[in-house]
$ cat upload_21.csv   # CSV, N, CA, C and O atoms
chain,number,residue,atom,x,y,z
A,245,MET,N,33.4,29.3,97.9
A,245,MET,CA,32.9,30.1,99.1
A,245,MET,C,34.0,31.0,99.6
A,245,MET,O,35.2,30.7,99.5
A,246,VAL,N,33.6,32.1,100.2
A,246,VAL,CA,34.6,33.1,100.7
A,246,VAL,C,34.2,33.5,102.1
A,246,VAL,O,33.0,33.9,102.3
A,247,GLN,N,35.2,33.5,103.0
A,247,GLN,CA,35.0,34.1,104.3
A,247,GLN,C,36.0,35.2,104.5
A,247,GLN,O,37.2,35.0,104.2
A,248,LEU,N,35.6,36.3,105.0
A,248,LEU,CA,36.5,37.4,105.2
A,248,LEU,C,36.7,37.7,106.7
A,248,LEU,O,35.7,37.6,107.5
A,249,GLU,N,37.9,37.9,107.1
A,249,GLU,CA,38.3,38.3,108.4
A,249,GLU,C,39.2,39.5,108.4
A,249,GLU,O,40.2,39.4,107.8
A,250,GLN,N,38.8,40.5,109.1
A,250,GLN,CA,39.6,41.7,109.1
A,250,GLN,C,40.4,41.7,110.5
A,250,GLN,O,39.8,41.6,111.5
A,251,LYS,N,41.7,41.9,110.4
A,251,LYS,CA,42.6,42.0,111.6
A,251,LYS,C,43.5,43.2,111.4
A,251,LYS,O,44.4,43.2,110.5
A,252,GLU,N,43.2,44.3,112.1
A,252,GLU,CA,44.0,45.5,112.0
A,252,GLU,C,44.0,46.0,110.5
A,252,GLU,O,42.9,46.2,110.0
A,253,GLU,N,45.2,46.1,109.9
A,253,GLU,CA,45.2,46.5,108.5
A,253,GLU,C,45.4,45.4,107.5
A,253,GLU,O,45.8,45.6,106.4
A,254,LYS,N,44.9,44.2,108.0
A,254,LYS,CA,45.0,43.0,107.1
A,254,LYS,C,43.6,42.5,106.8
A,254,LYS,O,42.7,42.6,107.7
A,255,LEU,N,43.4,42.0,105.6
A,255,LEU,CA,42.1,41.3,105.3
A,255,LEU,C,42.5,39.9,104.9
A,255,LEU,O,43.2,39.7,103.9
A,256,GLN,N,42.0,39.0,105.7
A,256,GLN,CA,42.3,37.6,105.4
A,256,GLN,C,41.0,37.0,104.7
A,256,GLN,O,39.9,37.2,105.2
A,257,VAL,N,41.3,36.3,103.6
A,257,VAL,CA,40.2,35.7,102.8
A,257,VAL,C,40.4,34.2,102.8
A,257,VAL,O,41.4,33.7,102.3
A,258,LEU,N,39.4,33.6,103.4
A,258,LEU,CA,39.5,32.1,103.5
A,258,LEU,C,38.6,31.6,102.3
A,258,LEU,O,37.4,31.7,102.2
A,259,LEU,N,39.3,30.9,101.4
A,259,LEU,CA,38.7,30.4,100.2
A,259,LEU,C,38.4,28.9,100.4
A,259,LEU,O,39.3,28.2,101.0
A,260,SER,N,37.3,28.4,99.8
A,260,SER,CA,37.0,27.0,99.9
A,260,SER,C,36.2,26.5,98.7
A,260,SER,O,35.6,27.3,98.0
A,261,GLY,N,36.3,25.2,98.5
A,261,GLY,CA,35.6,24.7,97.3
A,261,GLY,C,36.4,24.8,96.0
A,261,GLY,O,37.6,24.9,96.1
A,262,ASP,N,35.7,24.8,94.9
A,262,ASP,CA,36.3,24.9,93.6
A,262,ASP,C,36.4,26.4,93.2
A,262,ASP,O,35.6,27.2,93.5
A,263,ILE,N,37.6,26.7,92.6
A,263,ILE,CA,37.7,28.0,92.0
A,263,ILE,C,37.8,27.8,90.5
A,263,ILE,O,38.8,27.3,90.0
A,264,ASP,N,36.7,28.1,89.8
A,264,ASP,CA,36.6,28.0,88.3
A,264,ASP,C,35.9,29.2,87.8
A,264,ASP,O,35.5,30.1,88.5
A,265,HIS,N,35.6,29.1,86.5
A,265,HIS,CA,34.9,30.3,85.9
A,265,HIS,C,33.5,30.5,86.4
A,265,HIS,O,33.0,31.6,86.3
A,266,HIS,N,32.9,29.5,87.0
A,266,HIS,CA,31.6,29.7,87.6
A,266,HIS,C,31.6,30.4,89.0
A,266,HIS,O,30.7,31.1,89.3
A,267,THR,N,32.7,30.1,89.7
A,267,THR,CA,32.7,30.6,91.1
A,267,THR,C,33.6,31.8,91.3
A,267,THR,O,33.4,32.6,92.2
A,268,ALA,N,34.6,32.0,90.4
A,268,ALA,CA,35.6,33.0,90.6
A,268,ALA,C,35.0,34.4,90.6
A,268,ALA,O,35.4,35.3,91.3
A,269,ARG,N,34.0,34.6,89.7
A,269,ARG,CA,33.4,36.0,89.6
A,269,ARG,C,32.8,36.4,90.9
A,269,ARG,O,33.0,37.6,91.3
A,270,GLU,N,32.0,35.6,91.5
A,270,GLU,CA,31.4,36.0,92.8
A,270,GLU,C,32.5,36.2,93.9
A,270,GLU,O,32.4,37.1,94.7
A,271,MET,N,33.5,35.3,93.9
A,271,MET,CA,34.6,35.5,94.8
A,271,MET,C,35.3,36.9,94.6
A,271,MET,O,35.5,37.6,95.6
A,272,ARG,N,35.5,37.2,93.4
A,272,ARG,CA,36.2,38.5,93.1
A,272,ARG,C,35.3,39.7,93.6
A,272,ARG,O,35.8,40.6,94.2
A,273,GLU,N,34.0,39.6,93.3
A,273,GLU,CA,33.1,40.7,93.7
A,273,GLU,C,33.1,40.9,95.2
A,273,GLU,O,33.2,42.0,95.7
A,274,VAL,N,33.0,39.8,96.0
A,274,VAL,CA,33.0,39.9,97.4
A,274,VAL,C,34.3,40.5,98.0
A,274,VAL,O,34.3,41.4,98.8
A,275,ILE,N,35.4,40.0,97.5
A,275,ILE,CA,36.7,40.4,97.9
A,275,ILE,C,37.0,41.9,97.5
A,275,ILE,O,37.4,42.7,98.4
A,276,ASP,N,36.7,42.2,96.3
A,276,ASP,CA,36.9,43.6,95.8
A,276,ASP,C,36.0,44.6,96.6
A,276,ASP,O,36.5,45.7,96.9
A,277,LYS,N,34.8,44.3,96.9
A,277,LYS,CA,33.9,45.2,97.7
A,277,LYS,C,34.5,45.5,99.0
A,277,LYS,O,34.6,46.6,99.4
A,278,ARG,N,35.1,44.5,99.7
A,278,ARG,CA,35.6,44.7,101.0
A,278,ARG,C,36.9,45.5,100.9
A,278,ARG,O,37.2,46.3,101.8
A,279,ILE,N,37.8,45.2,99.9
A,279,ILE,CA,39.0,46.0,99.8
A,279,ILE,C,38.7,47.4,99.6
A,279,ILE,O,39.3,48.3,100.2
A,280,GLU,N,37.7,47.7,98.8
A,280,GLU,CA,37.3,49.1,98.5
A,280,GLU,C,36.8,49.8,99.8
A,280,GLU,O,36.9,51.0,100.0
A,281,GLU,N,36.1,49.0,100.7
A,281,GLU,CA,35.6,49.6,101.9
A,281,GLU,C,36.7,49.9,102.9
A,281,GLU,O,36.6,50.9,103.6
A,282,ILE,N,37.7,49.0,103.1
A,282,ILE,CA,38.6,49.1,104.2
A,282,ILE,C,40.0,49.5,103.8
A,282,ILE,O,40.8,49.8,104.7
A,283,HIS,N,40.4,49.4,102.5
A,283,HIS,CA,41.7,49.7,102.1
A,283,HIS,C,42.8,49.0,102.9
A,283,HIS,O,43.7,49.7,103.5
A,284,PRO,N,42.8,47.7,103.0
A,284,PRO,CA,43.9,47.0,103.8
A,284,PRO,C,45.3,47.2,103.3
A,284,PRO,O,45.4,47.4,102.1
A,285,LYS,N,46.2,47.1,104.1
A,285,LYS,CA,47.6,47.1,103.7
A,285,LYS,C,48.1,45.8,103.2
A,285,LYS,O,49.1,45.7,102.4
A,286,ARG,N,47.5,44.7,103.7
A,286,ARG,CA,47.8,43.4,103.3
A,286,ARG,C,46.6,42.5,103.0
A,286,ARG,O,45.7,42.5,103.9
A,287,LEU,N,46.5,41.9,101.9
A,287,LEU,CA,45.5,40.9,101.6
A,287,LEU,C,46.0,39.5,101.7
A,287,LEU,O,47.0,39.2,101.0
A,288,ILE,N,45.5,38.7,102.5
A,288,ILE,CA,46.0,37.3,102.7
A,288,ILE,C,44.9,36.4,102.1
A,288,ILE,O,43.8,36.3,102.5
A,289,LEU,N,45.3,35.7,101.0
A,289,LEU,CA,44.5,34.8,100.3
A,289,LEU,C,44.8,33.4,100.8
A,289,LEU,O,45.9,32.9,100.6
A,290,ASP,N,43.9,32.8,101.6
A,290,ASP,CA,44.2,31.5,102.2
A,290,ASP,C,43.5,30.4,101.4
A,290,ASP,O,42.2,30.3,101.3
A,291,PHE,N,44.3,29.5,100.7
A,291,PHE,CA,43.7,28.5,99.8
A,291,PHE,C,43.6,27.1,100.5
A,291,PHE,O,43.4,26.1,99.8
A,292,LYS,N,43.6,27.1,101.8
A,292,LYS,CA,43.5,25.8,102.6
A,292,LYS,C,42.3,25.0,102.2
A,292,LYS,O,42.4,23.8,102.0
A,293,GLY,N,41.2,25.6,102.0
A,293,GLY,CA,39.9,24.9,101.7
A,293,GLY,C,39.7,24.7,100.2
A,293,GLY,O,38.6,24.2,99.9
A,294,VAL,N,40.6,25.1,99.4
A,294,VAL,CA,40.3,24.9,97.9
A,294,VAL,C,40.6,23.5,97.5
A,294,VAL,O,41.7,23.0,97.7
A,295,THR,N,39.6,22.9,96.8
A,295,THR,CA,39.7,21.5,96.4
A,295,THR,C,40.0,21.4,94.9
A,295,THR,O,40.5,20.4,94.4
A,296,PHE,N,39.8,22.5,94.1
A,296,PHE,CA,40.1,22.5,92.7
A,296,PHE,C,40.3,23.9,92.2
A,296,PHE,O,39.6,24.8,92.7
A,297,MET,N,41.2,24.2,91.3
A,297,MET,CA,41.4,25.5,90.8
A,297,MET,C,41.9,25.4,89.3
A,297,MET,O,42.8,24.6,89.0
A,298,ASP,N,41.2,26.2,88.5
A,298,ASP,CA,41.7,26.3,87.1
A,298,ASP,C,42.3,27.6,86.9
A,298,ASP,O,42.6,28.3,87.9
A,299,SER,N,42.5,28.1,85.7
A,299,SER,CA,43.1,29.4,85.4
A,299,SER,C,42.4,30.5,86.0
A,299,SER,O,43.0,31.6,86.2
A,300,SER,N,41.1,30.4,86.4
A,300,SER,CA,40.4,31.4,87.0
A,300,SER,C,41.0,31.8,88.4
A,300,SER,O,40.9,32.9,88.8
A,301,GLY,N,41.6,30.8,89.0
A,301,GLY,CA,42.3,31.1,90.3
A,301,GLY,C,43.5,32.0,90.1
A,301,GLY,O,43.8,32.9,90.9
A,302,ILE,N,44.2,31.8,89.0
A,302,ILE,CA,45.3,32.7,88.6
A,302,ILE,C,44.8,34.1,88.4
A,302,ILE,O,45.4,35.0,89.0
A,303,GLY,N,43.7,34.2,87.7
A,303,GLY,CA,43.1,35.5,87.5
A,303,GLY,C,42.7,36.2,88.8
A,303,GLY,O,42.8,37.4,88.9
A,304,LEU,N,42.2,35.4,89.7
A,304,LEU,CA,41.7,35.9,91.0
A,304,LEU,C,42.8,36.5,91.7
A,304,LEU,O,42.7,37.7,92.2
A,305,VAL,N,44.0,35.9,91.7
A,305,VAL,CA,45.1,36.4,92.4
A,305,VAL,C,45.7,37.7,91.7
A,305,VAL,O,45.9,38.7,92.3
A,306,MET,N,45.8,37.6,90.4
A,306,MET,CA,46.3,38.7,89.6
A,306,MET,C,45.5,40.0,89.7
A,306,MET,O,46.0,41.1,89.9
A,307,GLY,N,44.2,39.8,89.7
A,307,GLY,CA,43.3,40.9,89.8
A,307,GLY,C,43.3,41.6,91.1
A,307,GLY,O,43.3,42.8,91.3
A,308,ARG,N,43.4,40.7,92.2
A,308,ARG,CA,43.5,41.3,93.6
A,308,ARG,C,44.8,42.0,93.8
A,308,ARG,O,44.9,43.0,94.5
A,309,TYR,N,45.9,41.5,93.1
A,309,TYR,CA,47.2,42.2,93.2
A,309,TYR,C,47.1,43.6,92.6
A,309,TYR,O,47.5,44.5,93.2
A,310,LYS,N,46.4,43.7,91.4
A,310,LYS,CA,46.3,45.0,90.8
A,310,LYS,C,45.5,45.9,91.7
A,310,LYS,O,45.8,47.1,91.8
A,311,GLN,N,44.4,45.4,92.3
A,311,GLN,CA,43.6,46.3,93.1
A,311,GLN,C,44.4,46.7,94.4
A,311,GLN,O,44.3,47.8,94.8
A,312,MET,N,45.2,45.8,95.0
A,312,MET,CA,45.9,46.1,96.2
A,312,MET,C,47.0,47.1,95.8
A,312,MET,O,47.4,48.0,96.6
A,313,GLN,N,47.6,47.1,94.6
A,313,GLN,CA,48.6,48.1,94.2
A,313,GLN,C,48.0,49.5,94.2
A,313,GLN,O,48.6,50.4,94.5
A,314,TYR,N,46.7,49.6,93.8
A,314,TYR,CA,46.0,50.9,93.8
A,314,TYR,C,46.0,51.5,95.2
A,314,TYR,O,46.1,52.7,95.3
A,315,TYR,N,45.9,50.6,96.2
A,315,TYR,CA,45.9,51.1,97.6
A,315,TYR,C,47.2,51.0,98.3
A,315,TYR,O,47.3,51.0,99.5
A,316,ASN,N,48.3,50.8,97.5
A,316,ASN,CA,49.7,50.6,98.0
A,316,ASN,C,49.8,49.4,99.0
A,316,ASN,O,50.5,49.5,100.0
A,317,GLY,N,49.0,48.4,98.8
A,317,GLY,CA,49.0,47.2,99.6
A,317,GLY,C,49.7,46.0,98.9
A,317,GLY,O,50.2,46.2,97.8
A,318,GLU,N,49.8,44.9,99.7
A,318,GLU,CA,50.4,43.7,99.1
A,318,GLU,C,49.5,42.5,99.3
A,318,GLU,O,48.6,42.5,100.1
A,319,VAL,N,49.9,41.5,98.5
A,319,VAL,CA,49.1,40.3,98.5
A,319,VAL,C,50.0,39.1,99.1
A,319,VAL,O,51.2,39.0,98.7
A,320,GLN,N,49.4,38.3,99.9
A,320,GLN,CA,50.1,37.2,100.5
A,320,GLN,C,49.2,36.0,100.2
A,320,GLN,O,48.0,36.0,100.4
A,321,VAL,N,49.8,34.9,99.7
A,321,VAL,CA,49.1,33.6,99.4
A,321,VAL,C,49.6,32.6,100.4
A,321,VAL,O,50.8,32.3,100.5
A,322,VAL,N,48.7,32.0,101.1
A,322,VAL,CA,49.0,31.0,102.1
A,322,VAL,C,48.2,29.7,101.9
A,322,VAL,O,47.2,29.7,101.3
A,323,ASN,N,48.8,28.6,102.5
A,323,ASN,CA,48.1,27.3,102.6
A,323,ASN,C,47.7,26.8,101.2
A,323,ASN,O,46.6,26.2,101.1
A,324,THR,N,48.5,26.9,100.2
A,324,THR,CA,48.2,26.3,98.9
A,324,THR,C,48.7,24.8,98.9
A,324,THR,O,49.7,24.5,99.6
A,325,SER,N,48.0,24.0,98.2
A,325,SER,CA,48.5,22.6,98.0
A,325,SER,C,49.8,22.7,97.2
A,325,SER,O,50.0,23.7,96.5
A,326,SER,N,50.6,21.7,97.2
A,326,SER,CA,51.8,21.7,96.3
A,326,SER,C,51.5,21.9,94.9
A,326,SER,O,52.2,22.6,94.1
A,327,HIS,N,50.4,21.2,94.4
A,327,HIS,CA,50.0,21.3,93.0
A,327,HIS,C,49.6,22.8,92.6
A,327,HIS,O,50.0,23.3,91.6
A,328,ILE,N,48.7,23.4,93.5
A,328,ILE,CA,48.2,24.7,93.2
A,328,ILE,C,49.4,25.7,93.3
A,328,ILE,O,49.5,26.6,92.4
A,329,LYS,N,50.3,25.6,94.2
A,329,LYS,CA,51.4,26.4,94.4
A,329,LYS,C,52.3,26.3,93.1
A,329,LYS,O,52.8,27.4,92.6
A,330,ARG,N,52.6,25.1,92.6
A,330,ARG,CA,53.4,24.9,91.5
A,330,ARG,C,52.8,25.7,90.3
A,330,ARG,O,53.5,26.3,89.5
A,331,VAL,N,51.5,25.5,90.1
A,331,VAL,CA,50.8,26.2,89.0
A,331,VAL,C,50.9,27.7,89.1
A,331,VAL,O,51.2,28.4,88.1
A,332,MET,N,50.7,28.2,90.3
A,332,MET,CA,50.8,29.7,90.5
A,332,MET,C,52.2,30.2,90.2
A,332,MET,O,52.4,31.3,89.6
A,333,ILE,N,53.2,29.5,90.7
A,333,ILE,CA,54.6,29.9,90.4
A,333,ILE,C,55.0,29.8,88.9
A,333,ILE,O,55.6,30.7,88.4
A,334,LEU,N,54.5,28.8,88.2
A,334,LEU,CA,54.7,28.7,86.8
A,334,LEU,C,54.0,29.9,86.1
A,334,LEU,O,54.5,30.3,85.0
A,335,ALA,N,52.9,30.4,86.6
A,335,ALA,CA,52.2,31.5,86.0
A,335,ALA,C,52.9,32.8,86.4
A,335,ALA,O,52.5,33.9,85.9
A,336,GLY,N,53.9,32.8,87.3
A,336,GLY,CA,54.6,34.0,87.7
A,336,GLY,C,54.1,34.8,88.8
A,336,GLY,O,54.5,35.9,89.1
A,337,LEU,N,53.1,34.2,89.5
A,337,LEU,CA,52.5,34.9,90.6
A,337,LEU,C,53.4,35.1,91.8
A,337,LEU,O,53.2,36.0,92.6
A,338,ASP,N,54.5,34.3,91.9
A,338,ASP,CA,55.5,34.6,93.0
A,338,ASP,C,56.2,35.9,92.8
A,338,ASP,O,56.8,36.4,93.7
A,339,LYS,N,56.1,36.5,91.6
A,339,LYS,CA,56.7,37.9,91.4
A,339,LYS,C,55.7,39.0,91.9
A,339,LYS,O,56.1,40.1,92.0
A,340,LEU,N,54.4,38.6,92.1
A,340,LEU,CA,53.4,39.6,92.5
A,340,LEU,C,53.0,39.4,93.9
A,340,LEU,O,52.6,40.4,94.6
A,341,ALA,N,53.1,38.2,94.5
A,341,ALA,CA,52.5,38.0,95.8
A,341,ALA,C,53.6,37.2,96.6
A,341,ALA,O,54.5,36.6,96.1
A,342,VAL,N,53.5,37.4,97.9
A,342,VAL,CA,54.4,36.7,98.9
A,342,VAL,C,53.7,35.3,99.1
A,342,VAL,O,52.5,35.2,99.4
A,343,PHE,N,54.5,34.2,99.0
A,343,PHE,CA,53.9,32.9,99.2
A,343,PHE,C,54.5,32.3,100.5
A,343,PHE,O,55.7,32.5,100.8
A,344,GLU,N,53.6,31.7,101.3
A,344,GLU,CA,54.0,31.1,102.5
A,344,GLU,C,53.3,29.7,102.6
A,344,GLU,O,52.3,29.5,102.0
$ encode --input "upload_21.csv" --output "structure tokens"
Amino acid sequence: MVQLEQKEEKLQVLLSGDIDHHTAREMREVIDKRIEEIHPKRLILDFKGVTFMDSSGIGLVMGRYKQMQYYNGEVQVVNTSSHIKRVMILAGLDKLAVFE
């Protein structure tokens, strides 16, 4: 599930549930549509409600990074569990996004 909150030039995306090949596509479409509409300077991906993530979650972050680069924006990843954060860093996402 995806909830979007716009604050000034930031788009915060509250993610929840599982992120796998079944759910990631719909999440990407919802996020991409909003990015195209408002061109935020910062995209904040909040993983607080994520209960499971496979490699589709890595792709979700990488794809949004590429889209934000098109608009000269940046990606911030927040509230990841220690396991998910470790997987993301091993995948090199810490070179693309700011982690908090």
$ residues_near_point --input "upload_21.csv" --point "(44.5, 47.9, 96.4)" --cutoff "10 Å" --atoms "only C-alpha atoms" --output "PyMOL selection string"
chain A and resi 276+279-280+282-287+307-319
$ residues_around --input "upload_21.csv" --residues "segment 320-337 of chain A" --least-positions-apart "2" --cutoff "10 Å" --atoms "only C-alpha atoms" --output "PyMOL selection string"
chain A and resi 256-258+286-299+301-303+305-306+309+318+339-344
$ atom_distance --input "upload_21.csv" --atom1 "atom CA of Gln247 of chain A" --atom2 "atom CA of His266 of chain A"
17.6 Å
$ atom_distance --input "upload_21.csv" --atom1 "atom O of Asp264 of chain A" --atom2 "atom O of Arg278 of chain A"
21.0 Å
$ select_by_dssp --input "upload_21.csv" --residues "segment 293-331 of chain A" --states "strand (DSSP E or B)" --output "PyMOL selection string"
chain A and resi 293-297+318-322
$ atom_distance --input "upload_21.csv" --atom1 "atom O of Leu304 of chain A" --atom2 "atom N of Glu270 of chain A"
10.9 Å
$ select_by_dssp --input "upload_21.csv" --residues "chain A" --states "alpha helix (DSSP H)" --output "JSON, numbers by chain"
{"A": [268, 269, 270, 271, 272, 273, 274, 275, 276, 277, 278, 279, 280, 281, 282, 299, 300, 301, 302, 303, 304, 305, 306, 307, 308, 309, 310, 311, 312, 313, 314, 326, 327, 328, 329, 330, 331, 332, 333, 334]}
